[in-house]
file run_17.csv (CSV, C-alpha atoms)
chain,number,residue,atom,x,y,z
A,1,SER,CA,174.2,181.9,172.4
A,2,GLU,CA,176.7,183.5,170.0
A,3,GLN,CA,177.1,187.2,170.3
A,4,THR,CA,176.5,189.1,167.0
A,5,ILE,CA,178.4,192.2,166.1
A,6,ASP,CA,177.2,194.9,163.7
A,7,VAL,CA,180.3,195.4,161.5
A,8,GLN,CA,180.2,198.5,159.4
A,9,CYS,CA,183.6,198.5,157.8
A,10,ILE,CA,186.9,196.6,157.6
A,11,ALA,CA,190.4,197.7,156.6
A,12,LEU,CA,193.9,196.1,156.7
A,13,TYR,CA,196.0,197.1,159.7
A,14,ASP,CA,199.1,194.8,159.7
A,15,ALA,CA,200.2,191.3,158.9
A,16,THR,CA,198.0,189.7,161.7
A,17,SER,CA,195.2,192.3,162.4
A,18,LEU,CA,192.3,194.0,160.7
A,19,LEU,CA,190.9,197.3,161.7
A,20,VAL,CA,187.2,196.8,162.3
A,21,ALA,CA,184.5,199.5,162.7
A,22,THR,CA,181.4,198.3,164.5
A,23,SER,CA,178.3,200.0,166.0
A,24,GLU,CA,180.2,200.0,169.3
A,25,GLY,CA,183.5,201.6,168.2
A,26,LEU,CA,186.8,200.8,166.6
A,27,GLY,CA,188.6,197.5,167.2
A,28,LEU,CA,191.6,195.4,166.0
A,29,TYR,CA,190.7,191.8,165.0
A,30,ASN,CA,193.5,189.4,165.4
A,31,ARG,CA,193.3,186.8,162.6
A,32,GLU,CA,195.4,184.3,164.4
A,33,THR,CA,193.5,184.3,167.7
A,34,SER,CA,190.1,185.4,166.3
A,35,GLN,CA,189.8,188.0,169.0
A,36,LEU,CA,188.4,191.5,168.7
A,37,GLU,CA,190.0,194.1,171.0
A,38,TYR,CA,188.4,197.6,171.0
A,39,VAL,CA,190.8,200.5,170.8
A,40,TYR,CA,188.0,203.1,171.1
A,41,THR,CA,184.4,202.7,172.2
A,42,TYR,CA,181.8,205.3,171.3
A,43,SER,CA,180.2,207.4,174.0
A,44,ALA,CA,176.4,207.6,174.3
A,45,LYS,CA,176.5,210.9,172.5
A,46,GLU,CA,178.4,209.7,169.5
A,47,ASP,CA,176.0,208.6,166.8
A,48,ILE,CA,178.6,207.4,164.2
A,49,ILE,CA,178.0,205.1,161.3
A,50,VAL,CA,181.3,204.3,159.5
A,51,SER,CA,181.4,204.0,155.8
A,52,SER,CA,185.1,203.9,155.0
A,53,LEU,CA,188.4,203.3,156.7
A,54,LEU,CA,192.1,203.9,156.0
A,55,TYR,CA,195.2,203.1,158.2
A,56,ASP,CA,198.1,205.4,157.3
A,57,LYS,CA,201.2,203.4,158.3
A,58,GLU,CA,203.5,206.4,157.7
A,59,THR,CA,201.8,208.6,160.3
A,60,ASN,CA,200.2,205.8,162.4
A,61,VAL,CA,196.7,207.3,162.1
A,62,PHE,CA,193.3,205.7,161.5
A,63,TRP,CA,191.1,207.7,159.1
A,64,ILE,CA,187.4,207.2,159.5
A,65,GLY,CA,184.8,208.3,157.0
A,66,THR,CA,181.2,208.4,158.1
A,67,ILE,CA,177.7,208.4,156.5
A,68,SER,CA,176.7,211.8,157.8
A,69,SER,CA,179.1,213.0,160.5
A,70,GLY,CA,182.1,213.9,158.4
A,71,LEU,CA,185.8,212.8,158.7
A,72,PHE,CA,187.4,211.6,161.9
A,73,LYS,CA,190.9,210.4,162.8
A,74,TYR,CA,192.1,208.2,165.6
A,75,ASP,CA,195.6,208.5,167.0
A,76,PRO,CA,196.5,205.1,168.7
A,77,ASP,CA,199.5,206.6,170.5
A,78,LYS,CA,197.5,209.4,172.1
A,79,LYS,CA,194.3,207.3,172.2
A,80,LEU,CA,192.3,210.3,170.7
A,81,PHE,CA,189.3,210.0,168.5
A,82,LEU,CA,188.5,213.4,167.0
A,83,PRO,CA,186.9,215.1,163.9
A,84,THR,CA,189.3,216.9,161.7
A,85,THR,CA,189.5,220.6,162.5
A,86,ILE,CA,188.0,221.5,159.1
A,87,ASN,CA,185.2,218.9,159.5
A,88,SER,CA,182.6,221.7,159.7
A,89,ASN,CA,183.6,222.9,156.3
A,90,LEU,CA,183.5,219.4,154.7
A,91,PRO,CA,180.3,217.9,153.1
A,92,LYS,CA,178.1,215.8,155.3
A,93,GLN,CA,177.3,213.3,152.6
A,94,PRO,CA,178.6,209.7,152.9
A,95,ILE,CA,182.4,209.3,152.6
A,96,LEU,CA,182.8,206.0,150.6
A,97,ALA,CA,186.5,206.1,149.9
A,98,ILE,CA,189.7,207.4,151.5
A,99,LYS,CA,193.0,207.1,149.7
A,100,LYS,CA,196.5,208.5,150.3
A,101,ASN,CA,198.2,209.3,147.0
A,102,ILE,CA,201.8,209.5,146.0
A,103,THR,CA,202.1,213.1,147.0
A,104,SER,CA,201.1,212.2,150.6
A,105,THR,CA,197.8,214.1,150.4
A,106,LEU,CA,194.5,212.5,151.4
A,107,LEU,CA,191.8,212.0,148.8
A,108,ILE,CA,188.3,211.8,150.2
A,109,GLY,CA,185.6,210.4,148.0
A,110,TYR,CA,182.0,211.5,148.6
A,111,ASP,CA,178.8,210.1,147.4
A,112,GLY,CA,177.5,213.2,145.5
A,113,GLN,CA,180.4,215.6,146.2
A,114,GLY,CA,183.3,214.3,144.1
A,115,ILE,CA,186.8,214.1,145.6
A,116,TRP,CA,188.2,216.5,148.2
A,117,GLU,CA,192.0,216.6,148.5
A,118,LEU,CA,193.3,217.4,152.0
A,119,THR,CA,196.8,217.8,153.5
A,120,GLU,CA,198.4,214.7,155.0
A,121,ASP,CA,197.3,215.7,158.5
A,122,GLY,CA,193.7,216.2,157.2
A,123,GLU,CA,193.6,219.8,158.6
A,124,SER,CA,193.6,221.8,155.4
A,125,LEU,CA,191.7,221.7,152.1
A,126,LEU,CA,194.0,221.7,149.0
A,127,ASN,CA,191.5,221.2,146.2
A,128,TYR,CA,188.4,219.4,145.1
A,129,TYR,CA,187.5,217.6,141.9
A,130,LYS,CA,183.9,217.4,140.5
A,131,GLU,CA,182.2,216.7,137.3
A,132,ASP,CA,181.9,219.6,134.8
A,133,VAL,CA,179.6,218.5,132.0
A,134,ASN,CA,181.3,221.0,129.7
A,135,ASP,CA,184.8,219.6,130.3
A,136,PRO,CA,185.5,216.1,129.0
A,137,TYR,CA,188.6,216.0,131.1
A,138,SER,CA,186.9,216.5,134.4
A,139,LEU,CA,185.7,213.8,136.9
A,140,SER,CA,183.1,211.6,135.4
A,141,GLY,CA,180.3,211.8,138.0
A,142,ASP,CA,180.3,213.1,141.6
A,143,GLY,CA,179.1,209.9,143.3
A,144,VAL,CA,182.5,208.5,144.2
A,145,TYR,CA,182.3,204.9,145.3
A,146,ASP,CA,185.9,203.8,145.2
A,147,ILE,CA,189.4,205.3,144.7
A,148,PHE,CA,192.3,203.0,143.7
A,149,SER,CA,195.9,203.6,142.9
A,150,ASP,CA,197.6,201.0,140.6
A,151,GLU,CA,201.3,200.0,140.4
A,152,ASN,CA,201.9,202.6,137.7
A,153,GLY,CA,200.8,205.5,139.8
A,154,ARG,CA,197.5,206.0,138.1
A,155,LEU,CA,194.5,206.9,140.2
A,156,TRP,CA,191.2,205.2,139.4
A,157,VAL,CA,187.9,206.7,140.5
A,158,ALA,CA,184.8,204.5,140.4
A,159,THR,CA,181.6,206.6,140.2
A,160,PHE,CA,177.8,205.9,140.3
A,161,THR,CA,176.4,206.2,136.7
A,162,GLY,CA,179.6,208.0,135.5
A,163,GLY,CA,181.7,204.9,134.8
A,164,LEU,CA,185.4,205.5,135.5
A,165,SER,CA,187.9,208.3,135.6
A,166,PHE,CA,191.7,207.7,135.8
A,167,TRP,CA,194.7,210.0,135.7
A,168,ASP,CA,198.4,210.2,136.4
A,169,GLN,CA,198.6,211.6,139.9
A,170,ASN,CA,201.6,213.9,138.9
A,171,THR,CA,199.6,215.7,136.3
A,172,PHE,CA,195.9,215.1,137.2
A,173,SER,CA,195.1,214.9,133.5
A,174,ILE,CA,191.8,213.0,133.7
A,175,GLN,CA,190.6,210.5,131.2
A,176,GLN,CA,187.1,209.0,131.3
A,177,ILE,CA,186.0,205.4,130.6
A,178,SER,CA,182.4,204.4,130.1
A,179,HIS,CA,180.3,201.7,128.5
A,180,GLN,CA,180.2,201.9,124.7
A,181,VAL,CA,176.8,201.0,123.3
A,182,ASN,CA,176.8,197.7,121.3
A,183,LYS,CA,180.6,197.3,121.9
A,184,SER,CA,181.6,194.2,123.9
A,185,ASN,CA,185.2,195.5,124.2
A,186,SER,CA,184.2,198.1,126.8
A,187,LEU,CA,183.1,198.5,130.4
A,188,VAL,CA,180.0,196.5,130.9
A,189,ASN,CA,178.1,199.0,133.2
A,190,ASN,CA,178.6,202.6,134.2
A,191,ASN,CA,177.7,202.0,137.8
A,192,VAL,CA,181.1,201.0,139.2
A,193,ASN,CA,181.4,200.1,142.9
A,194,LYS,CA,184.9,198.7,143.3
A,195,VAL,CA,188.3,198.5,141.4
A,196,LEU,CA,191.0,195.9,141.8
A,197,GLU,CA,194.4,195.4,140.2
A,198,ASP,CA,195.4,191.8,140.2
A,199,SER,CA,198.9,190.3,140.4
A,200,ARG,CA,199.1,190.1,136.6
A,201,GLY,CA,198.6,193.8,136.3
A,202,ASN,CA,195.1,193.6,134.9
A,203,ILE,CA,192.2,195.7,136.3
A,204,TRP,CA,188.8,194.3,137.5
A,205,PHE,CA,185.7,196.3,138.0
A,206,ALA,CA,182.7,195.4,140.2
A,207,THR,CA,179.6,196.9,138.6
A,208,ASN,CA,175.8,196.9,139.0
A,209,ASN,CA,175.6,194.3,136.2
A,210,GLY,CA,178.5,191.9,136.4
A,211,ILE,CA,182.3,192.2,136.4
A,212,SER,CA,184.5,193.8,133.8
A,213,HIS,CA,188.1,192.7,133.3
A,214,TRP,CA,190.5,195.0,131.4
A,215,ASN,CA,193.8,193.8,130.0
A,216,ILE,CA,195.4,197.2,129.6
A,217,ALA,CA,198.5,196.0,127.7
A,218,GLU,CA,196.2,194.6,124.9
A,219,ASN,CA,193.3,197.0,125.5
A,220,ARG,CA,191.0,193.9,125.7
A,221,TRP,CA,187.9,193.8,127.9
A,222,ARG,CA,186.1,190.8,129.2
A,223,THR,CA,182.8,190.6,131.0
A,224,TYR,CA,181.7,188.0,133.5
A,225,LEU,CA,178.5,187.2,135.3
A,226,ASP,CA,176.4,189.9,133.6
A,227,ASP,CA,172.8,189.3,132.8
A,228,THR,CA,170.7,190.8,129.9
A,229,GLN,CA,167.4,189.4,131.2
A,230,GLY,CA,166.7,191.9,133.9
A,231,GLN,CA,168.3,189.9,136.7
A,232,ALA,CA,171.5,191.8,137.0
A,233,LYS,CA,174.0,190.8,139.7
A,234,VAL,CA,175.2,193.8,141.6
A,235,PHE,CA,178.9,193.4,142.6
A,236,LEU,CA,180.2,195.5,145.5
A,237,ALA,CA,183.5,194.0,146.6
A,238,LEU,CA,186.6,192.4,144.9
A,239,CYS,CA,189.8,190.8,146.2
A,240,GLU,CA,192.5,188.5,145.0
A,241,ASP,CA,193.7,185.5,147.0
A,242,SER,CA,197.1,183.9,147.2
A,243,ASN,CA,196.3,181.6,144.2
A,244,GLY,CA,195.4,184.5,141.9
A,245,ASN,CA,191.7,183.8,142.1
A,246,ILE,CA,189.2,186.7,142.3
A,247,TRP,CA,186.6,186.8,145.0
A,248,ALA,CA,183.6,188.9,144.2
A,249,GLY,CA,181.0,189.9,146.8
A,250,THR,CA,177.5,190.8,145.6
A,251,TYR,CA,174.3,192.5,146.9
A,252,SER,CA,172.0,189.6,148.0
A,253,ALA,CA,173.6,187.0,145.7
A,254,GLY,CA,176.5,185.7,147.8
A,255,VAL,CA,180.1,185.5,146.9
A,256,TYR,CA,181.6,184.2,143.6
A,257,VAL,CA,185.2,182.9,143.1
A,258,LEU,CA,186.6,183.3,139.6
A,259,ASP,CA,189.8,182.0,138.0
A,260,GLY,CA,192.0,185.1,137.7
A,261,LYS,CA,193.4,183.8,134.4
A,262,ASN,CA,190.2,183.2,132.4
A,263,GLY,CA,187.3,184.3,134.5
A,264,LYS,CA,185.9,180.8,134.9
A,265,GLU,CA,183.5,180.5,137.8
A,266,LEU,CA,185.2,178.2,140.4
A,267,ASN,CA,182.8,178.5,143.4
A,268,HIS,CA,179.6,180.3,144.4
A,269,TYR,CA,178.8,180.7,148.1
A,270,PHE,CA,175.2,181.6,148.8
A,271,LYS,CA,172.9,180.9,151.8
A,272,GLU,CA,169.4,180.1,150.6
A,273,ASP,CA,166.4,181.1,152.6
A,274,ASN,CA,164.7,178.3,154.5
call {"tool": "encode", "arguments": {"input": "run_17.csv", "output": "structure tokens"}}
result
Amino acid sequence: SEQTIDVQCIALYDATSLLVATSEGLGLYNRETSQLEYVYTYSAKEDIIVSSLLYDKETNVFWIGTISSGLFKYDPDKKLFLPTTINSNLPKQPILAIKKNITSTLLIGYDGQGIWELTEDGESLLNYYKEDVNDPYSLSGDGVYDIFSDENGRLWVATFTGGLSFWDQNTFSIQQISHQVNKSNSLVNNNVNKVLEDSRGNIWFATNNGISHWNIAENRWRTYLDDTQGQAKVFLALCEDSNGNIWAGTYSAGVYVLDGKNGKELNHYFKEDN
């Protein structure tokens, strides 16, 4: 019988391998040989559920965010898997996003605690960013689901219920984007789970009710696969293939493939219950 593996998170490692976090430990999956080789296996005492991953090529370190155990790093040269030294001072809420920004600091996105900015080695806290309801230029919501940096150096933060926040990383002047009532030329839903910049420079947003596409140059929004009849499709993942098509993963509704130029549905992969 085939062996099943509980995969918790996947991140790009290099041209041929993916970094894979499972319930057993951390491994490298070779896409050419279809083999998974563990680089670290959890001990019986380590109850770790991974919620986010980042491989930093500049420092050759794996960063591992967890559901309730904090932030860890794995050094493949020393073969050490350790929590950061300031882990005890960090929130124990789920870490759903880890991003290295243009200033080489680490941005850690928490579900419920905003963004915490750490030094490149992850050992010191530099700042944290949270929502201030009295400040329209603060982070829009503290439930951070994704952090994304576009080719222009802007940082996009997707939040639960708060829509989007984006800013120039050099100035950290934050602007907020949210759904505008009765306006089709706006974000379709304020629960944003994933952000993607395509090869054409446009931004796609996976939300709890469909997908939003923003042509920034023309300030034109398009909405795909939303539903106004109470059967909203929750989209959790986005990626672009080599043909410029957009693959969108859902919660319980399979995977959709859209034409990156016009949003036309090209395929829908879904396993029906017997």
call {"tool": "residues_around", "arguments": {"input": "run_17.csv", "residues": "stretch 193-209 of chain A", "least_positions_apart": "5", "cutoff": "10 Å", "atoms": "all atoms listed in the file", "output": "MDAnalysis selection string"}}
result
chainID A and resid 96 144:152 156:161 163:164 187:188 214:217 221:228 230:246 248:251 260:261
call {"tool": "write_last_selection", "arguments": {"input": "run_17.csv", "atoms": "C-alpha atoms", "output": "compact mmCIF listing (two decimals), in the frame of the given file"}}
result
# COMPACT_ATOMS: atom_id res chain seq x y z
CA LEU A 96 182.80 206.00 150.60
CA VAL A 144 182.50 208.50 144.20
CA TYR A 145 182.30 204.90 145.30
CA ASP A 146 185.90 203.80 145.20
CA ILE A 147 189.40 205.30 144.70
CA PHE A 148 192.30 203.00 143.70
CA SER A 149 195.90 203.60 142.90
CA ASP A 150 197.60 201.00 140.60
CA GLU A 151 201.30 200.00 140.40
CA ASN A 152 201.90 202.60 137.70
CA TRP A 156 191.20 205.20 139.40
CA VAL A 157 187.90 206.70 140.50
CA ALA A 158 184.80 204.50 140.40
CA THR A 159 181.60 206.60 140.20
CA PHE A 160 177.80 205.90 140.30
CA THR A 161 176.40 206.20 136.70
CA GLY A 163 181.70 204.90 134.80
CA LEU A 164 185.40 205.50 135.50
CA LEU A 187 183.10 198.50 130.40
CA VAL A 188 180.00 196.50 130.90
CA TRP A 214 190.50 195.00 131.40
CA ASN A 215 193.80 193.80 130.00
CA ILE A 216 195.40 197.20 129.60
CA ALA A 217 198.50 196.00 127.70
CA TRP A 221 187.90 193.80 127.90
CA ARG A 222 186.10 190.80 129.20
CA THR A 223 182.80 190.60 131.00
CA TYR A 224 181.70 188.00 133.50
CA LEU A 225 178.50 187.20 135.30
CA ASP A 226 176.40 189.90 133.60
CA ASP A 227 172.80 189.30 132.80
CA THR A 228 170.70 190.80 129.90
CA GLY A 230 166.70 191.90 133.90
CA GLN A 231 168.30 189.90 136.70
CA ALA A 232 171.50 191.80 137.00
CA LYS A 233 174.00 190.80 139.70
CA VAL A 234 175.20 193.80 141.60
CA PHE A 235 178.90 193.40 142.60
CA LEU A 236 180.20 195.50 145.50
CA ALA A 237 183.50 194.00 146.60
CA LEU A 238 186.60 192.40 144.90
CA CYS A 239 189.80 190.80 146.20
CA GLU A 240 192.50 188.50 145.00
CA ASP A 241 193.70 185.50 147.00
CA SER A 242 197.10 183.90 147.20
CA ASN A 243 196.30 181.60 144.20
CA GLY A 244 195.40 184.50 141.90
CA ASN A 245 191.70 183.80 142.10
CA ILE A 246 189.20 186.70 142.30
CA ALA A 248 183.60 188.90 144.20
CA GLY A 249 181.00 189.90 146.80
CA THR A 250 177.50 190.80 145.60
CA TYR A 251 174.30 192.50 146.90
CA GLY A 260 192.00 185.10 137.70
CA LYS A 261 193.40 183.80 134.40
call {"tool": "atom_distance", "arguments": {"input": "run_17.csv", "atom1": "atom CA of A:Ile95", "atom2": "atom CA of A:Gly143"}}
result
9.9 Å
call {"tool": "atom_distance", "arguments": {"input": "run_17.csv", "atom1": "atom CA of A:Leu53", "atom2": "atom CA of A:Tyr128"}}
result
19.8 Å
call {"tool": "closest_residue", "arguments": {"input": "run_17.csv", "among": "A:Asn262, A:Asn127, A:Ser17, A:Asn189", "to": "A:Thr33", "atoms": "all atoms listed in the file"}}
result
A:Ser17
call {"tool": "closest_residue", "arguments": {"input": "run_17.csv", "among": "A:Gln175, A:Val7, A:Ser34, A:Gly141", "to": "A:Val192", "atoms": "all atoms listed in the file"}}
result
A:Gly141
call {"tool": "atom_distance", "arguments": {"input": "run_17.csv", "atom1": "atom CA of A:Ile174", "atom2": "atom CA of A:Tyr137"}}
result
5.1 Å
call {"tool": "residues_near_point", "arguments": {"input": "run_17.csv", "point": "(189.5, 219.3, 160.1)", "cutoff": "8 Å", "atoms": "only C-alpha atoms", "output": "list in words"}}
result
Leu71, Pro83, Thr84, Thr85, Ile86, Asn87, Ser88, Asn89, Gly122, Glu123 and Ser124 of chain A
call {"tool": "residues_around", "arguments": {"input": "run_17.csv", "residues": "A:Glu24", "least_positions_apart": "2", "cutoff": "6 Å", "atoms": "all atoms listed in the file", "output": "VMD selection string"}}
result
chain A and resid 22 41 to 42
call {"tool": "closest_residue", "arguments": {"input": "run_17.csv", "among": "A:Pro91, A:Leu28, A:Ile108, A:Pro136", "to": "A:Ile64", "atoms": "only C-alpha atoms"}}
result
A:Ile108
call {"tool": "residues_around", "arguments": {"input": "run_17.csv", "residues": "A:Asp56", "least_positions_apart": "3", "cutoff": "12 Å", "atoms": "only C-alpha atoms", "output": "list in words"}}
result
Ala11, Leu12, Tyr13, Asp14, Leu19, Leu53, Thr59, Asn60, Val61, Phe62, Trp63, Ile64, Lys73, Tyr74, Asp75, Pro76, Ile98, Lys99, Lys100, Asn101, Ser104, Thr105, Leu106, Glu120, Asp121 and Gly122 of chain A
call {"tool": "residues_around", "arguments": {"input": "run_17.csv", "residues": "A:Gly25", "least_positions_apart": "6", "cutoff": "12 Å", "atoms": "only C-alpha atoms", "output": "MDAnalysis selection string"}}
result
chainID A and resid 5:9 19 36:44 46:50 64 74 81
call {"tool": "write_last_selection", "arguments": {"input": "run_17.csv", "atoms": "C-alpha atoms", "output": "PDB file, keeping the file's coordinate frame"}}
result
ATOM      1  CA  ILE A   5     178.400 192.200 166.100  1.00  0.00           C
ATOM      2  CA  ASP A   6     177.200 194.900 163.700  1.00  0.00           C
ATOM      3  CA  VAL A   7     180.300 195.400 161.500  1.00  0.00           C
ATOM      4  CA  GLN A   8     180.200 198.500 159.400  1.00  0.00           C
ATOM      5  CA  CYS A   9     183.600 198.500 157.800  1.00  0.00           C
ATOM      6  CA  LEU A  19     190.900 197.300 161.700  1.00  0.00           C
ATOM      7  CA  LEU A  36     188.400 191.500 168.700  1.00  0.00           C
ATOM      8  CA  GLU A  37     190.000 194.100 171.000  1.00  0.00           C
ATOM      9  CA  TYR A  38     188.400 197.600 171.000  1.00  0.00           C
ATOM     10  CA  VAL A  39     190.800 200.500 170.800  1.00  0.00           C
ATOM     11  CA  TYR A  40     188.000 203.100 171.100  1.00  0.00           C
ATOM     12  CA  THR A  41     184.400 202.700 172.200  1.00  0.00           C
ATOM     13  CA  TYR A  42     181.800 205.300 171.300  1.00  0.00           C
ATOM     14  CA  SER A  43     180.200 207.400 174.000  1.00  0.00           C
ATOM     15  CA  ALA A  44     176.400 207.600 174.300  1.00  0.00           C
ATOM     16  CA  GLU A  46     178.400 209.700 169.500  1.00  0.00           C
ATOM     17  CA  ASP A  47     176.000 208.600 166.800  1.00  0.00           C
ATOM     18  CA  ILE A  48     178.600 207.400 164.200  1.00  0.00           C
ATOM     19  CA  ILE A  49     178.000 205.100 161.300  1.00  0.00           C
ATOM     20  CA  VAL A  50     181.300 204.300 159.500  1.00  0.00           C
ATOM     21  CA  ILE A  64     187.400 207.200 159.500  1.00  0.00           C
ATOM     22  CA  TYR A  74     192.100 208.200 165.600  1.00  0.00           C
ATOM     23  CA  PHE A  81     189.300 210.000 168.500  1.00  0.00           C
TER      24      PHE A  81
END
call {"tool": "residues_around", "arguments": {"input": "run_17.csv", "residues": "stretch 267-269 of chain A", "least_positions_apart": "6", "cutoff": "7 Å", "atoms": "all atoms listed in the file", "output": "PyMOL selection string"}}
result
chain A and resi 254-257
call {"tool": "decode", "arguments": {"input": "run_17.csv", "residues": "stretch 161-181 of chain A", "atoms": "N, CA and C atoms", "output": "JSON list (two decimals), in the first residue's frame"}}
result
[["chain", "number", "residue", "atom", "x", "y", "z"],
["A", 161, "THR", "N", -10.28, 40.00, 7.63],
["A", 161, "THR", "CA", -11.32, 41.03, 7.80],
["A", 161, "THR", "C", -10.82, 42.44, 7.51],
["A", 162, "GLY", "N", -9.50, 42.66, 7.49],
["A", 162, "GLY", "CA", -9.00, 44.02, 7.35],
["A", 162, "GLY", "C", -8.63, 44.41, 5.93],
["A", 163, "GLY", "N", -8.84, 43.50, 4.97],
["A", 163, "GLY", "CA", -8.47, 43.82, 3.60],
["A", 163, "GLY", "C", -6.97, 43.77, 3.42],
["A", 164, "LEU", "N", -6.42, 44.84, 2.82],
["A", 164, "LEU", "CA", -5.01, 44.88, 2.48],
["A", 164, "LEU", "C", -4.34, 46.13, 3.03],
["A", 165, "SER", "N", -3.07, 45.98, 3.34],
["A", 165, "SER", "CA", -2.22, 47.13, 3.64],
["A", 165, "SER", "C", -1.00, 47.02, 2.74],
["A", 166, "PHE", "N", -0.54, 48.12, 2.18],
["A", 166, "PHE", "CA", 0.71, 48.07, 1.44],
["A", 166, "PHE", "C", 1.49, 49.35, 1.64],
["A", 167, "TRP", "N", 2.81, 49.22, 1.57],
["A", 167, "TRP", "CA", 3.66, 50.38, 1.80],
["A", 167, "TRP", "C", 5.02, 50.19, 1.15],
["A", 168, "ASP", "N", 5.68, 51.31, 0.93],
["A", 168, "ASP", "CA", 7.05, 51.31, 0.46],
["A", 168, "ASP", "C", 7.93, 50.92, 1.65],
["A", 169, "GLN", "N", 8.76, 49.90, 1.45],
["A", 169, "GLN", "CA", 9.55, 49.40, 2.57],
["A", 169, "GLN", "C", 10.60, 50.39, 3.06],
["A", 170, "ASN", "N", 10.94, 51.37, 2.24],
["A", 170, "ASN", "CA", 11.92, 52.37, 2.68],
["A", 170, "ASN", "C", 11.32, 53.40, 3.62],
["A", 171, "THR", "N", 10.02, 53.61, 3.49],
["A", 171, "THR", "CA", 9.37, 54.66, 4.30],
["A", 171, "THR", "C", 8.39, 54.10, 5.31],
["A", 172, "PHE", "N", 7.85, 52.91, 5.05],
["A", 172, "PHE", "CA", 6.82, 52.30, 5.89],
["A", 172, "PHE", "C", 5.61, 53.22, 6.07],
["A", 173, "SER", "N", 5.31, 53.99, 5.02],
["A", 173, "SER", "CA", 4.08, 54.76, 4.97],
["A", 173, "SER", "C", 2.98, 53.83, 4.48],
["A", 174, "ILE", "N", 2.06, 53.46, 5.35],
["A", 174, "ILE", "CA", 1.08, 52.41, 5.07],
["A", 174, "ILE", "C", -0.18, 52.97, 4.44],
["A", 175, "GLN", "N", -0.65, 52.31, 3.38],
["A", 175, "GLN", "CA", -1.94, 52.63, 2.78],
["A", 175, "GLN", "C", -2.83, 51.41, 2.90],
["A", 176, "GLN", "N", -4.12, 51.65, 3.06],
["A", 176, "GLN", "CA", -5.07, 50.57, 3.25],
["A", 176, "GLN", "C", -5.98, 50.43, 2.04],
["A", 177, "ILE", "N", -6.31, 49.18, 1.70],
["A", 177, "ILE", "CA", -7.22, 48.87, 0.61],
["A", 177, "ILE", "C", -8.29, 47.93, 1.14],
["A", 178, "SER", "N", -9.55, 48.24, 0.89],
["A", 178, "SER", "CA", -10.64, 47.39, 1.35],
["A", 178, "SER", "C", -11.78, 47.42, 0.34],
["A", 179, "HIS", "N", -12.74, 46.52, 0.54],
["A", 179, "HIS", "CA", -13.90, 46.48, -0.34],
["A", 179, "HIS", "C", -14.72, 47.76, -0.19],
["A", 180, "GLN", "N", -15.12, 48.33, -1.32],
["A", 180, "GLN", "CA", -15.97, 49.51, -1.32],
["A", 180, "GLN", "C", -17.41, 49.08, -1.65],
["A", 181, "VAL", "N", -18.32, 49.41, -0.75],
["A", 181, "VAL", "CA", -19.71, 48.97, -0.89],
["A", 181, "VAL", "C", -20.31, 49.47, -2.20]]
